[in-house]
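S.K.: So here's model.tsv (TSV, C-alpha atoms).
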chain	number	residue	atom	x	y	z
A	269	MET	CA	48.14	76.45	81.44
A	270	LYS	CA	50.45	79.44	81.09
A	271	CYS	CA	50.31	80.05	84.85
A	272	ARG	CA	51.22	76.43	85.50
A	273	ARG	CA	54.20	76.67	83.12
A	274	LEU	CA	55.32	79.91	84.74
A	275	TYR	CA	55.01	78.36	88.21
A	276	THR	CA	57.00	75.31	87.06
A	277	CYS	CA	59.75	77.51	85.58
A	278	LEU	CA	59.96	79.60	88.73
A	279	LEU	CA	60.10	76.47	90.88
A	280	LEU	CA	62.87	75.08	88.66
A	281	LEU	CA	64.86	78.33	88.87
A	282	VAL	CA	64.53	78.44	92.66
A	283	SER	CA	65.65	74.81	92.89
A	284	VAL	CA	68.68	75.43	90.65
A	285	PHE	CA	69.59	78.58	92.58
A	286	SER	CA	69.23	76.79	95.93
A	287	PHE	CA	71.39	73.91	94.69
A	288	SER	CA	74.00	76.30	93.28
A	289	GLN	CA	74.07	78.33	96.50
A	290	SER	CA	74.39	75.14	98.53
A	291	LYS	CA	77.33	74.02	96.39
A	292	LEU	CA	78.89	77.48	96.69
A	293	ASP	CA	78.42	77.53	100.46
A	294	THR	CA	80.11	74.13	100.67
A	295	PHE	CA	83.01	75.44	98.58
A	296	LEU	CA	83.37	78.59	100.72
A	297	LYS	CA	83.31	76.66	104.01
A	298	PRO	CA	86.78	76.68	105.62
A	299	SER	CA	88.40	73.27	105.87
A	300	ASP	CA	88.67	71.77	109.39
A	301	THR	CA	91.98	70.12	108.50
A	302	LEU	CA	94.73	70.89	106.02
A	303	ASN	CA	93.37	70.66	102.48
A	304	THR	CA	96.52	70.38	100.37
A	305	SER	CA	94.75	70.97	97.05
A	306	ARG	CA	93.23	74.21	98.37
A	307	ARG	CA	96.52	75.31	99.90
A	308	ASN	CA	98.45	74.61	96.70
A	309	ALA	CA	95.84	76.47	94.64
A	310	VAL	CA	96.08	79.46	97.01
A	311	VAL	CA	99.89	79.55	96.86
A	312	LEU	CA	99.96	79.16	93.08
A	313	THR	CA	97.31	81.88	92.62
A	314	GLU	CA	99.08	84.34	94.94
A	315	VAL	CA	102.48	83.79	93.33
A	316	SER	CA	101.04	84.10	89.82
A	317	LEU	CA	98.99	87.22	90.54
A	318	GLY	CA	101.84	88.86	92.44
A	319	THR	CA	104.37	88.13	89.67
A	320	LEU	CA	102.05	89.30	86.90
A	321	THR	CA	101.19	92.48	88.82
A	322	LEU	CA	104.85	93.34	89.40
A	323	LEU	CA	105.74	92.62	85.77
A	324	GLY	CA	102.80	94.74	84.65
A	325	LEU	CA	103.88	97.63	86.90
A	326	ASP	CA	107.43	97.37	85.61
A	327	GLN	CA	106.42	97.41	81.94
A	328	LEU	CA	103.30	99.59	81.95
A	329	TRP	CA	104.09	102.09	84.74
A	330	TYR	CA	107.78	102.37	85.54
A	331	ALA	CA	108.79	102.06	81.87
A	332	ASP	CA	107.36	105.54	81.26
A	333	TYR	CA	109.92	107.07	83.63
A	334	PRO	CA	113.74	107.06	83.47
A	335	ARG	CA	115.55	104.31	85.37
A	336	SER	CA	118.29	104.98	87.91
A	337	LYS	CA	120.65	103.29	90.30
A	338	PHE	CA	118.97	102.04	93.44
A	339	HIS	CA	118.45	104.99	95.77
A	340	THR	CA	116.41	105.98	98.83
A	341	ILE	CA	114.34	109.07	99.54
A	342	ASN	CA	112.87	110.68	102.64
A	343	ASP	CA	109.25	111.49	101.86
A	344	SER	CA	107.93	111.21	105.42
A	345	ASP	CA	106.70	114.83	105.43
A	346	GLU	CA	104.68	114.66	102.19
A	347	TRP	CA	100.87	114.72	101.75
A	348	LEU	CA	100.44	115.26	105.52
A	349	GLN	CA	101.21	111.51	105.86
A	350	MET	CA	98.06	110.45	103.99
A	351	ASP	CA	100.15	108.31	101.63
A	352	LYS	CA	101.64	106.48	104.64
A	353	LEU	CA	98.18	105.60	105.90
A	354	GLY	CA	97.44	104.28	102.42
A	355	HIS	CA	100.44	101.96	102.74
A	356	ALA	CA	99.34	100.78	106.20
A	357	PHE	CA	95.79	100.17	104.94
A	358	SER	CA	97.00	98.16	101.92
A	359	ALA	CA	99.35	96.03	104.03
A	360	TYR	CA	96.58	95.37	106.58
A	361	GLN	CA	93.94	94.39	104.02
A	362	LEU	CA	96.26	92.24	101.89
A	363	GLY	CA	97.52	90.53	105.04
A	364	LYS	CA	93.97	89.83	106.16
A	365	ILE	CA	93.14	88.32	102.76
A	366	GLY	CA	96.31	86.22	102.87
A	367	ALA	CA	95.46	84.84	106.32
A	368	ASP	CA	91.79	84.27	105.44
A	369	VAL	CA	92.49	82.18	102.33
A	370	LEU	CA	94.98	80.03	104.27
A	371	SER	CA	92.34	79.58	106.98
A	372	TRP	CA	89.94	78.48	104.23
A	373	SER	CA	92.58	75.91	103.23
A	374	GLY	CA	92.81	74.51	106.75
A	375	VAL	CA	96.33	75.81	107.37
A	376	ALA	CA	97.38	76.05	111.02
A	377	LYS	CA	96.95	79.43	112.74
A	378	LYS	CA	100.69	79.94	113.19
A	379	ASP	CA	101.33	79.46	109.47
A	380	GLN	CA	98.40	81.74	108.61
A	381	LEU	CA	100.18	84.56	110.43
A	382	ILE	CA	103.67	83.76	109.12
A	383	TYR	CA	102.83	83.14	105.46
A	384	GLY	CA	99.42	84.77	105.03
A	385	ALA	CA	99.31	87.91	107.16
A	386	THR	CA	102.67	89.01	105.75
A	387	LEU	CA	101.38	88.94	102.16
A	388	GLY	CA	100.82	92.70	102.06
A	389	PHE	CA	104.22	93.52	103.54
A	390	THR	CA	105.99	91.18	101.09
A	391	PHE	CA	104.20	92.50	98.01
A	392	LEU	CA	104.57	96.17	98.96
A	393	THR	CA	108.27	95.63	99.69
A	394	ALA	CA	108.70	94.39	96.11
A	395	VAL	CA	106.90	97.51	94.83
A	396	GLU	CA	109.16	99.67	97.01
A	397	VAL	CA	112.23	98.05	95.42
A	398	LEU	CA	110.88	98.99	91.98
A	399	ASP	CA	110.50	102.55	93.27
A	400	GLY	CA	114.15	102.43	94.30
A	401	TYR	CA	115.26	101.88	90.71
A	402	SER	CA	113.07	104.69	89.31
A	403	ALA	CA	114.44	108.23	88.98
A	404	GLU	CA	110.92	109.57	89.58
A	405	TRP	CA	110.62	108.00	93.04
A	406	GLY	CA	112.93	106.08	95.36
A	407	PHE	CA	112.95	103.45	98.09
A	408	SER	CA	111.24	104.98	101.13
A	409	TRP	CA	111.96	103.73	104.64
A	410	SER	CA	108.89	105.59	105.93
A	411	ASP	CA	106.76	103.65	103.43
A	412	MET	CA	108.30	100.45	104.76
A	413	ALA	CA	107.50	101.51	108.33
A	414	ALA	CA	103.87	102.13	107.32
A	415	ASN	CA	103.72	98.70	105.63
A	416	ALA	CA	105.05	97.11	108.82
A	417	ALA	CA	102.49	99.02	110.93
A	418	GLY	CA	99.58	97.73	108.83
A	419	THR	CA	100.84	94.15	109.04
A	420	GLY	CA	101.53	94.56	112.76
A	421	LEU	CA	98.00	95.79	113.42
A	422	TYR	CA	96.59	92.57	112.00
A	423	VAL	CA	99.11	90.13	113.48
A	424	GLY	CA	99.15	91.84	116.88
A	425	GLN	CA	95.39	91.52	117.34
A	426	GLU	CA	95.41	87.88	116.30
A	427	LEU	CA	98.11	87.14	118.87
A	428	LEU	CA	96.43	89.21	121.59
A	429	TRP	CA	92.72	88.49	121.06
A	430	GLN	CA	92.51	85.84	118.28
A	431	GLU	CA	90.21	88.25	116.41
A	432	GLN	CA	90.18	91.65	114.73
A	433	ARG	CA	88.53	93.94	117.26
A	434	ILE	CA	89.92	97.09	115.60
A	435	LEU	CA	89.54	97.29	111.82
A	436	LEU	CA	91.47	99.59	109.51
A	437	LYS	CA	88.92	101.04	107.07
A	438	TYR	CA	88.69	103.51	104.19
A	439	SER	CA	86.20	106.06	102.90
A	440	PHE	CA	86.27	108.53	100.02
A	441	HIS	CA	84.46	111.58	98.66
A	442	GLN	CA	85.29	113.64	95.57
A	443	THR	CA	86.87	117.08	96.04
A	444	ARG	CA	87.48	120.20	93.97
A	445	TYR	CA	91.25	119.70	94.00
A	446	ALA	CA	91.51	116.85	91.49
A	447	SER	CA	90.33	119.05	88.62
A	448	GLN	CA	93.20	121.45	89.35
A	449	ARG	CA	95.87	118.73	89.12
A	450	PRO	CA	94.33	115.70	87.38
A	451	ASP	CA	97.80	114.34	86.52
A	452	LYS	CA	98.61	113.97	90.22
A	453	LEU	CA	95.21	113.66	91.90
A	454	GLY	CA	93.33	111.70	89.25
A	455	ASP	CA	90.99	112.34	86.35
A	456	GLY	CA	87.55	110.89	87.04
A	457	PHE	CA	86.13	109.02	90.02
A	458	LYS	CA	88.08	105.77	89.56
A	459	GLU	CA	91.45	107.53	89.50
A	460	GLU	CA	90.55	110.05	92.20
A	461	PHE	CA	89.42	107.19	94.46
A	462	LEU	CA	93.05	106.02	94.53
A	463	LYS	CA	95.02	109.24	94.03
A	464	ASP	CA	93.22	112.23	95.58
A	465	TYR	CA	94.42	112.28	99.18
A	466	ASN	CA	92.10	115.23	99.90
A	467	GLY	CA	89.04	112.99	99.61
A	468	GLN	CA	90.40	109.98	101.47
A	469	THR	CA	89.81	109.17	105.13
A	470	TYR	CA	91.38	106.28	107.02
A	471	TRP	CA	89.59	104.90	110.06
A	472	LEU	CA	90.32	102.78	113.11
A	473	SER	CA	86.94	101.14	113.68
A	474	ALA	CA	86.60	99.39	117.05
A	475	ASN	CA	83.85	96.90	117.86
A	476	VAL	CA	82.12	98.07	121.06
A	477	ASN	CA	80.87	94.64	122.16
A	478	SER	CA	84.35	93.13	121.88
A	479	PHE	CA	85.54	95.47	124.61
A	480	VAL	CA	82.36	96.10	126.63
A	481	LYS	CA	80.14	93.04	126.75
A	482	SER	CA	76.52	94.14	126.71
A	483	SER	CA	73.34	92.41	125.61
A	484	LYS	CA	71.73	95.81	124.97
A	485	LEU	CA	74.17	96.86	122.23
A	486	PRO	CA	74.11	95.40	118.70
A	487	LYS	CA	77.00	93.00	118.13
A	488	TRP	CA	77.89	94.85	114.92
A	489	LEU	CA	78.15	98.37	116.43
A	490	ASN	CA	81.55	100.05	116.08
A	491	VAL	CA	82.97	103.42	117.02
A	492	ALA	CA	85.37	104.89	114.46
A	493	PHE	CA	88.20	107.40	114.68
A	494	GLY	CA	89.30	108.85	111.35
A	495	TYR	CA	92.13	110.90	109.91
A	496	GLY	CA	92.11	112.92	106.70
A	497	ALA	CA	93.67	116.02	105.16
A	498	ASP	CA	92.54	118.82	102.89
A	499	GLY	CA	93.88	121.61	100.69
A	500	MET	CA	96.73	119.58	99.15
A	501	LEU	CA	97.77	120.08	95.54
A	502	THR	CA	101.35	118.90	96.02
A	503	GLY	CA	103.20	116.56	98.34
A	504	LYS	CA	104.74	119.43	100.26
A	505	ASN	CA	103.44	122.95	100.88
A	506	GLU	CA	105.40	124.42	98.00
A	507	ASN	CA	105.02	126.44	94.81
A	508	VAL	CA	104.74	124.33	91.66
A	509	ASP	CA	105.34	126.09	88.33
A	510	ASN	CA	104.21	129.34	89.99
A	511	LEU	CA	100.66	127.98	90.08
A	512	PHE	CA	100.13	126.92	93.67
A	513	ILE	CA	101.47	129.37	96.21
A	514	SER	CA	99.06	128.97	99.13
A	515	GLN	CA	97.37	125.59	99.47
A	516	ASN	CA	95.65	126.11	102.84
A	517	ARG	CA	96.56	122.58	103.94
A	518	GLN	CA	94.97	121.16	107.09
A	519	ARG	CA	94.71	117.95	109.05
A	520	GLN	CA	91.26	116.61	109.91
A	521	PHE	CA	90.23	114.24	112.69
A	522	TYR	CA	86.87	112.48	112.81
A	523	PHE	CA	84.64	110.63	115.25
A	524	SER	CA	81.75	108.52	113.99
A	525	LEU	CA	79.86	105.25	114.27
A	526	ASP	CA	80.37	102.27	111.99
A	527	VAL	CA	79.18	98.74	111.26
A	528	ASP	CA	81.33	95.62	111.54
A	529	LEU	CA	79.74	93.55	108.78
A	530	SER	CA	81.49	90.39	109.99
A	531	LYS	CA	79.36	90.53	113.17
A	532	ILE	CA	76.07	90.32	111.25
A	533	LYS	CA	74.68	86.81	111.66
A	534	THR	CA	73.89	84.86	108.50
A	535	ASN	CA	73.89	81.20	107.54
A	536	SER	CA	74.98	82.01	103.99
A	537	ARG	CA	78.72	81.71	103.49
A	538	LEU	CA	78.35	83.67	100.26
A	539	LEU	CA	76.96	86.62	102.24
A	540	ARG	CA	79.70	86.23	104.83
A	541	SER	CA	82.31	86.40	102.07
A	542	LEU	CA	80.68	89.50	100.57
A	543	PHE	CA	80.48	91.12	104.02
A	544	ASP	CA	84.18	90.35	104.48
A	545	VAL	CA	85.06	92.12	101.23
A	546	PHE	CA	82.97	95.24	101.88
A	547	ASN	CA	84.03	95.42	105.53
A	548	MET	CA	87.12	97.38	104.47
A	549	ILE	CA	84.85	100.36	103.62
A	550	LYS	CA	83.61	102.64	106.40
A	551	VAL	CA	79.80	102.79	106.46
A	552	PRO	CA	78.57	106.42	106.10
A	553	PHE	CA	77.22	107.86	109.37
A	554	PRO	CA	76.75	111.27	111.00
A	555	THR	CA	80.26	112.44	111.90
A	556	LEU	CA	82.07	115.03	114.02
A	557	GLU	CA	85.11	116.66	112.40
A	558	PHE	CA	87.89	118.41	114.32
A	559	ASN	CA	90.47	120.57	112.53
A	560	ASP	CA	92.71	123.56	113.23
A	561	LYS	CA	90.97	125.86	110.71
A	562	LYS	CA	87.26	125.67	111.50
A	563	GLY	CA	87.35	123.98	114.89
A	564	VAL	CA	84.47	121.50	115.20
A	565	LYS	CA	82.18	120.70	112.28
A	566	PHE	CA	79.20	118.33	112.15
A	567	HIS	CA	78.43	116.26	109.03
A	568	TYR	CA	74.91	114.86	108.78
A	569	ILE	CA	76.39	112.05	106.69
A	570	TYR	CA	80.06	111.59	105.90
A	571	PHE	CA	81.71	109.47	103.23
Would you kindly transcribe this structure into structure tokens?

M.R.:
Amino acid sequence: MKCRRLYTCLLLLVSVFSFSQSKLDTFLKPSDTLNTSRRNAVVLTEVSLGTLTLLGLDQLWYADYPRSKFHTINDSDEWLQMDKLGHAFSAYQLGKIGADVLSWSGVAKKDQLIYGATLGFTFLTAVEVLDGYSAEWGFSWSDMAANAAGTGLYVGQELLWQEQRILLKYSFHQTRYASQRPDKLGDGFKEEFLKDYNGQTYWLSANVNSFVKSSKLPKWLNVAFGYGADGMLTGKNENVDNLFISQNRQRQFYFSLDVDLSKIKTNSRLLRSLFDVFNMIKVPFPTLEFNDKKGVKFHYIYF
């Protein structure tokens, strides 16, 4: 009797889950034609989230620093340009999200690129303006150029190939430098993930089969070229409070393999959506590193 009840409960749970997944898959399916209710919901959500985020930054972040007249700065030589790659990555990923949700709404391709793919550039421009009114920072034209490059990488590929053959990805590993300057490089994994440029690597991950058609190669196989930097405690190679005299800064270049999760076949739209989210992270693989300090170095697995 107990076994029969257990079997019935399990069968009921499977049925409910299957029904729920079916409903979710239907919801996640992109519309073939313009769905005005979806489009309006997307626009309203983006405007609301963007406004709330900017207001939150203004009150919770910038309020802790003195205000100033609008001014510009030239920070193009700081952090060995790792911060610029961070701008390009953010603009690319936000633009991709903006275009994807408009595609889900059935918006025409042209409008996806005009109003969706520029989401990252628009939002980051607003953040840059806030920087311009802060005495601690300033409006940076090199940041704006990096934002434009990230947006251009997405839009350019859509115009040229109607797909993203080259993905801009990110990976991270913790370093010993954050503990020396936790105020600048982060205190704990969550902060270091965003602030410690020494542990960040940005990758151009190209899908092999998109360029060289071959039935012998997996459709999801990518080759990845990465850039990182190490030995940085400050933006520039300078002495700070007589603490950091020699930082032993170096650029690092990487070659590795990767996985394009969007190329993995699945009938589940939920899985496709999850693959789309996690596709911004470089999959760990054996990696070759090239730098001007140690020459060539092999990593059995690199994050």

S.K.: I need the residue nearest A:Ala417 from this list: A:Leu556, A:Leu462, A:Phe389, A:Asp343. Use all atoms listed in the file for the distance.

M.R.: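 Using all atoms listed in the file, the shortest distance to A:Ala417 belongs to A:Phe389.
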
S.K.: Using all atoms listed in the file, can you tell me which of A:Gly454, A:Pro486, A:Pro554, A:Gly406 comes closest to A:Asp528?

M.R.: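 Answer, going by the shortest atom-to-atom distance: A:Pro486.
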
S.K.: Would you compute the distance between atom CA of A:Leu435 and atom CA of A:Leu322? Give it in Å to one decimal.

M.R.: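 Atom CA of A:Leu322 lies 27.4 Å from atom CA of A:Leu435.
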
S.K.: What does the distance from atom CA of A:Phe566 to atom CA of A:Leu348 come to in Å, to one decimal?

M.R.: 22.5 Å

S.K.: Which residue out of A:Val311, A:Leu325, A:Val397, A:Leu436 has the minimum interatomic distance to A:Leu421 when only C-alpha atoms are used?

M.R.: A:Leu436

S.K.: Have a look at A:Phe546, A:Ser402, A:Gln520, A:Ile341 and name the one nearest to A:Gly496; count all atoms listed in the file.

M.R.: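 Closest residue, counting all atoms listed in the file: A:Gln520.
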
S.K.: Ranking A:Ile569, A:Leu525, A:Leu392, A:Leu323 by minimum distance to A:Phe357 and counting all atoms listed in the file, which one comes first?

M.R.: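 Result for the nearest residue to A:Phe357: A:Leu392.
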
S.K.: Find the residues around A:Pro298 up to 8 Å (all atoms listed in the file counted), leave out those fewer than 6 positions away in its own chain, and share them as a PDB file with C-alpha atoms, in the coordinates of the input.

M.R.:
ATOM      1  CA  SER A 371      92.340  79.580 106.980  1.00  0.00           C
ATOM      2  CA  TRP A 372      89.940  78.480 104.230  1.00  0.00           C
ATOM      3  CA  SER A 373      92.580  75.910 103.230  1.00  0.00           C
ATOM      4  CA  GLY A 374      92.810  74.510 106.750  1.00  0.00           C
TER       5      GLY A 374
END

S.K.: Pick from A:Thr419, A:Asn535, A:Ser541, A:Thr340: nearest to A:His355, with only C-alpha atoms counted?

M.R.: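 Ranked by minimum distance to A:His355, first place goes to A:Thr419.
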
S.K.: Taking every listed atom of stretch 434-443 of chain A and adding 3 Å to each side, what centre and edge lengths in Å (one decimal) does the axis-aligned box have, as JSON?

M.R.:
{"center_x": 88.0, "center_y": 107.1, "center_z": 105.6, "size_x": 13.0, "size_y": 26.0, "size_z": 26.0}

S.K.: Set the distance at 12 Å and use all atoms listed in the file: which residues neighbour A:Asn342 once local chain neighbours fewer than 6 positions away are removed? I'd like the list as a list in words.

M.R.: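 So the residues in contact are Gly400, Trp405, Gly406, Phe407, Ser408, Trp409, Ser410, Asp411 and Met412 of chain A.
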
S.K.: Kindly provide, as a list of chain:residue names, the polymer residues lying within 10 Å of (85.7, 75.5, 103.0), counting all atoms listed in the file and using the coordinates exactly as they appear in the file.

M.R.: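 Within 10 Å of (85.7, 75.5, 103.0), the protein and nucleic acid residues are A:Leu292, A:Asp293, A:Thr294, A:Phe295, A:Leu296, A:Lys297, A:Pro298, A:Ser299, A:Asp300, A:Thr301, A:Asn303, A:Arg306, A:Val369, A:Ser371, A:Trp372, A:Ser373, A:Gly374, A:Arg537.
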
S.K.: Deliver the residues from the most recent selection as a file, using C-alpha atoms, as a compact mmCIF listing (two decimals), in the coordinates of the input.

M.R.:
# COMPACT_ATOMS: atom_id res chain seq x y z
CA LEU A 292 78.89 77.48 96.69
CA ASP A 293 78.42 77.53 100.46
CA THR A 294 80.11 74.13 100.67
CA PHE A 295 83.01 75.44 98.58
CA LEU A 296 83.37 78.59 100.72
CA LYS A 297 83.31 76.66 104.01
CA PRO A 298 86.78 76.68 105.62
CA SER A 299 88.40 73.27 105.87
CA ASP A 300 88.67 71.77 109.39
CA THR A 301 91.98 70.12 108.50
CA ASN A 303 93.37 70.66 102.48
CA ARG A 306 93.23 74.21 98.37
CA VAL A 369 92.49 82.18 102.33
CA SER A 371 92.34 79.58 106.98
CA TRP A 372 89.94 78.48 104.23
CA SER A 373 92.58 75.91 103.23
CA GLY A 374 92.81 74.51 106.75
CA ARG A 537 78.72 81.71 103.49

S.K.: How would you write as JSON, numbers by chain the residues that get within 8 Å of (80.8, 93.2, 111.0) in the file's frame, counting only C-alpha atoms?

M.R.: {"A": [488, 489, 527, 528, 529, 530, 531, 532, 543, 544, 547]}

S.K.: What gap, in Å, lies between atom CA of A:Gly494 and atom CA of A:Val545?

M.R.: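 Going from atom CA of A:Gly494 over to atom CA of A:Val545 covers 20.0 Å.
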
S.K.: Which neighbours of A:Gly499 fall inside 6 Å, counting only C-alpha atoms, when residues of the same chain fewer than 4 positions from it are skipped, and could you give them as a PyMOL selection string?

M.R.: chain A and resi 515-517

S.K.: Tell me which protein, DNA and RNA residues are within 9 Å of A:Tyr330, counting all atoms listed in the file, leaving out same-chain ones fewer than 3 positions away, and put them as a list in words.

M.R.: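 Within the cut-off, the hits are Leu325, Asp326, Gln327, Tyr333, Pro334, Arg335, Leu398, Asp399, Ser402 and Glu404 of chain A.
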
S.K.: Once you count all atoms listed in the file, what closest atom pair and distance in Å to one decimal does each residue of stretch 380-468 of chain A within 12 Å of stretch 474-477 of chain A have, with rows by chain and rising residue number, as CSV?

M.R.:
residue,atom,partner,partner_atom,distance
A:Gln425,CA,A:Ala474,CA,11.8
A:Glu431,CA,A:Asn475,CA,10.8
A:Gln432,CA,A:Asn475,CA,8.8
A:Arg433,CA,A:Asn475,CA,5.6
A:Ile434,CA,A:Ala474,CA,4.3
A:Leu435,CA,A:Ala474,CA,6.4
A:Leu436,CA,A:Ala474,CA,9.0
A:Lys437,CA,A:Ala474,CA,10.4
